[in-house]
Amino acid sequence: MNKKPKREIVTPEIDKIIHEPVRLSIMSVLCSCEEADFNYLLNLLKLTKGNLSVHITKLEDAGYVKVTKKFVDKIPNTTYSVTDFGIRQYEKYLRDWKNMVSISNRKI
């Protein structure tokens, strides 16, 4: 039996770019450090090179992540950092999830 809630429930629109598990993991790492290079993320998150590249590109295209390519001792090195916009979107994503959990009236 479905009971109608006592008040109208408005759930937030969850950010679908961040919501994907791999991208959420990438954002969590990047929000906790100044920058991370490709190999660090690859090893930490246990991804394939192609998988990491695809997800980083999605985040970069959305303006959430900045990609910097440079050479270190003549070896190519790609680093990633979260943009100010990316930080705001990540924080909003976390707030939205917290609000959705509180709406459910369940303790976790």
# chains A, B, ... in the order shown; residues from 1 in each chain; ligands from 1

call {"tool": "residues_around", "arguments": {"residues": "Lys16 of chain A", "least_positions_apart": "6", "cutoff": "10 Å", "atoms": "only C-alpha atoms", "output": "mmCIF file with N, CA and C atoms, in the first residue's frame"}}
result
data_model
loop_
_atom_site.group_PDB
_atom_site.id
_atom_site.type_symbol
_atom_site.label_atom_id
_atom_site.label_comp_id
_atom_site.auth_asym_id
_atom_site.auth_seq_id
_atom_site.Cartn_x
_atom_site.Cartn_y
_atom_site.Cartn_z
ATOM 1 N N ARG A 23 33.931 8.317 -12.062
ATOM 2 C CA ARG A 23 34.117 9.777 -12.016
ATOM 3 C C ARG A 23 33.979 10.301 -10.596
ATOM 4 N N LEU A 24 33.105 9.711 -9.807
ATOM 5 C CA LEU A 24 32.993 10.099 -8.400
ATOM 6 C C LEU A 24 34.303 9.807 -7.673
ATOM 7 N N TYR A 93 26.987 18.117 -5.157
ATOM 8 C CA TYR A 93 26.635 16.700 -5.287
ATOM 9 C C TYR A 93 26.541 16.055 -3.907
#

call {"tool": "select_by_dssp", "arguments": {"residues": "chain A", "states": "alpha helix (DSSP H)", "output": "ChimeraX atom specification"}}
result
/A:16-19,21-31,38-45,49-61,84-103

call {"tool": "residues_around", "arguments": {"residues": "Glu91 of chain A", "least_positions_apart": "2", "cutoff": "12 Å", "atoms": "only C-alpha atoms", "output": "list in words"}}
result
Ile14, Asp15, Ile18, Leu24, Met27, Ser28, Cys31, Tyr64, Val82, Asp84, Phe85, Gly86, Ile87, Arg88, Gln89, Tyr93, Leu94, Arg95, Asp96, Trp97 and Lys98 of chain A

call {"tool": "atom_distance", "arguments": {"atom1": "atom CA of Ser81 of chain A", "atom2": "atom CA of Cys33 of chain A"}}
result
8.1 Å

call {"tool": "select_by_dssp", "arguments": {"residues": "segment 12-84 of chain A", "states": "strand (DSSP E)", "output": "list in words"}}
result
Ala36, Asp37, Val65, Lys66, Val67, Thr68, Lys69, Lys70, Phe71, Val72, Ile75, Pro76, Asn77, Thr78, Thr79, Tyr80, Ser81 and Val82 of chain A

call {"tool": "write_last_selection", "arguments": {"atoms": "C-alpha atoms", "output": "PDB file, in the first residue's frame"}}
result
ATOM      1  CA  ALA A  36      47.429  13.960  -9.312  1.00  0.00           C
ATOM      2  CA  ASP A  37      49.209  12.498 -12.287  1.00  0.00           C
ATOM      3  CA  VAL A  65      38.914  19.012 -14.150  1.00  0.00           C
ATOM      4  CA  LYS A  66      41.935  20.807 -15.602  1.00  0.00           C
ATOM      5  CA  VAL A  67      44.433  18.703 -17.577  1.00  0.00           C
ATOM      6  CA  THR A  68      48.070  19.824 -17.710  1.00  0.00           C
ATOM      7  CA  LYS A  69      50.548  18.139 -20.048  1.00  0.00           C
ATOM      8  CA  LYS A  70      54.247  18.758 -19.551  1.00  0.00           C
ATOM      9  CA  PHE A  71      57.608  17.028 -19.712  1.00  0.00           C
ATOM     10  CA  VAL A  72      59.550  15.955 -16.642  1.00  0.00           C
ATOM     11  CA  ILE A  75      59.291  12.228 -20.207  1.00  0.00           C
ATOM     12  CA  PRO A  76      55.667  13.235 -20.884  1.00  0.00           C
ATOM     13  CA  ASN A  77      53.693  13.787 -17.692  1.00  0.00           C
ATOM     14  CA  THR A  78      49.971  14.521 -17.499  1.00  0.00           C
ATOM     15  CA  THR A  79      48.516  15.909 -14.283  1.00  0.00           C
ATOM     16  CA  TYR A  80      44.954  16.630 -13.271  1.00  0.00           C
ATOM     17  CA  SER A  81      43.498  19.111 -10.843  1.00  0.00           C
ATOM     18  CA  VAL A  82      39.951  19.989  -9.931  1.00  0.00           C
TER      19      VAL A  82
END

call {"tool": "atom_distance", "arguments": {"atom1": "atom CA of Asn43 of chain A", "atom2": "atom CA of Asp61 of chain A"}}
result
23.2 Å
